[in-house]
Amino acid sequence: MQGFLNLNKPIGFTSHDCVGKLRRLLGLRRIGHGGTLDPMATGVLPIAFGNATRLLQYLPTAKAYQATIRLGIRTATDDITGAAIATQAVPNLSLEQVKQALGQFEGRIQQIPPNFSAIQVAGQRLYDLARRGEILDVPARPVEIFKLEVLDWRAGDFPELDLAIACGPGTYIRAIARDLGIVLATGGTLTALSRTASCGFQLSESYSFETLAACLQSGSLTPIEPTIALAHLPLVQLEAETAWRWCCGQPTPVETVADLDPTHQILRVHDQAGNLLGIGEQTAGLLVAKVVMPESQQRTQLARPIRAEHQIQTQS
């Protein structure tokens, strides 16, 4: 059994908790997820099981969120679960001021990850260093934010802002809340977060644990096939002999592959019957294997044409 599952992560669960629960529900050990969500967050958690875990890194990278930011407060974790560092009422803060400040966060920006995050510095997790009270000098990282849209604004001493955010991989929404508070000189922290899209999966098509359990009981659960999840990658199909050699780890000269666009670097590789063989990379004039699905070598060996010399030996 292999494929992908679009899970709606509930609040209070870590991503690791979700994997553990799915192992028990599905009766499988080989399960992985495509992008960590904090316990306070809900929404799309892409899940792979079986040999599909090897394909997680090749899923689409864009993500989308709905977030609520409270202004006038700073916390140690940059979200509402952390201890308050400073508070100040900001009843005169206007939505126009906020919108003007938000413009600084669109496009390619440099972002410093939260102190309480799983990023490693000098071989140690940031949250471990932060819990020990060590002073952190976290380097900024480039991230890309495609869209910031204001959904709602609730004025008051500690006003709240609802945002729709579309961004690239590695973006911390908590850091946006923190940095918006810095720009406005008010402080800001994240109070709610839902991931509405990730790795090509949409929240509207996700399974809750309750729905998943019911589908398993009725036998109606349909995993997402790897060929569907990887449909964003350019496709190349190999003839039987070439497919077998490629699955055996032999690089294939690109000039021998029909309809191969030289601008495509990472590709999904199929045989002529449409079966997914794995992931290939076009480099130095060769199509090399990055991932070969375990069943592909045997399948392509069976599909190879019988050579004339082998037929003569068999007949003799």
# chains A, B, ... in the order shown; residues from 1 in each chain; ligands from 1
>>> residues_around(residues="Gly285 in chain A", least_positions_apart="4", cutoff="12 Å", atoms="only C-alpha atoms", output="ChimeraX atom specification")
/A:251-257,260-265,281
>>> residues_around(residues="Val291 in chain A", least_positions_apart="4", cutoff="10 Å", atoms="only C-alpha atoms", output="compact mmCIF listing (two decimals) with C-alpha atoms, in the first residue's frame")
# COMPACT_ATOMS: atom_id res chain seq x y z
CA ARG A 54 10.44 8.79 -0.95
CA LEU A 55 8.53 11.27 -3.12
CA CYS A 247 15.81 1.66 -13.26
CA GLY A 249 20.88 3.01 -12.24
CA ARG A 268 8.67 12.21 -13.38
CA VAL A 269 9.73 9.19 -15.37
CA LEU A 277 9.20 4.51 -12.54
CA GLY A 278 10.56 7.29 -10.35
CA ILE A 279 12.07 10.78 -10.40
CA GLY A 280 14.82 11.73 -12.81
CA GLU A 281 17.18 14.67 -13.09
>>> select_by_dssp(residues="range 28-231 of chain A", states="strand (DSSP E)", output="ChimeraX atom specification")
/A:31-33,42-49,63-71,73-75,84-87,107-111,120-121,124-125,141-154,160-167,188-198,201-202
>>> closest_residue(among="A:Gln57, A:Asn6, A:Thr196, A:Gln66", to="Glu225 in chain A", atoms="only C-alpha atoms")
A:Asn6
>>> residues_around(residues="Gln237 in chain A", least_positions_apart="2", cutoff="7 Å", atoms="only C-alpha atoms", output="PyMOL selection string")
chain A and resi 235+239+269-272
>>> write_last_selection(atoms="C-alpha atoms", output="CSV table (one decimal), in the first residue's frame")
chain,number,residue,atom,x,y,z
A,235,LEU,CA,6.7,13.9,-17.8
A,239,GLU,CA,11.0,2.8,-24.1
A,269,VAL,CA,9.7,9.2,-15.4
A,270,HIS,CA,7.2,6.7,-16.7
A,271,ASP,CA,7.3,3.6,-18.9
A,272,GLN,CA,5.3,3.4,-22.1
>>> atom_distance(atom1="CA of Arg304 in chain A", atom2="CA of Glu241 in chain A")
5.4 Å
>>> closest_residue(among="A:Ile165, A:Ile69, A:Ile11, A:Leu56", to="Pro226 in chain A", atoms="only C-alpha atoms")
A:Leu56
>>> residues_around(residues="Gln250 in chain A", least_positions_apart="2", cutoff="12 Å", atoms="only C-alpha atoms", output="count of residues only")
18
>>> residues_around(residues="Arg108 in chain A", least_positions_apart="5", cutoff="10 Å", atoms="only C-alpha atoms", output="PyMOL selection string")
chain A and resi 142-146+167-168
>>> residues_around(residues="Gly3 in chain A", least_positions_apart="3", cutoff="9 Å", atoms="only C-alpha atoms", output="list in words")
Ile47, Ala48, Phe49, Gly50, Asn51, Ala52, Thr53, Pro223, Ile224, Glu225, Pro226 and Ala229 of chain A
>>> select_by_dssp(residues="range 181-253 of chain A", states="helix (DSSP H, G or I)", output="ChimeraX atom specification")
/A:181-184,203-205,209-218,226-229,240-247
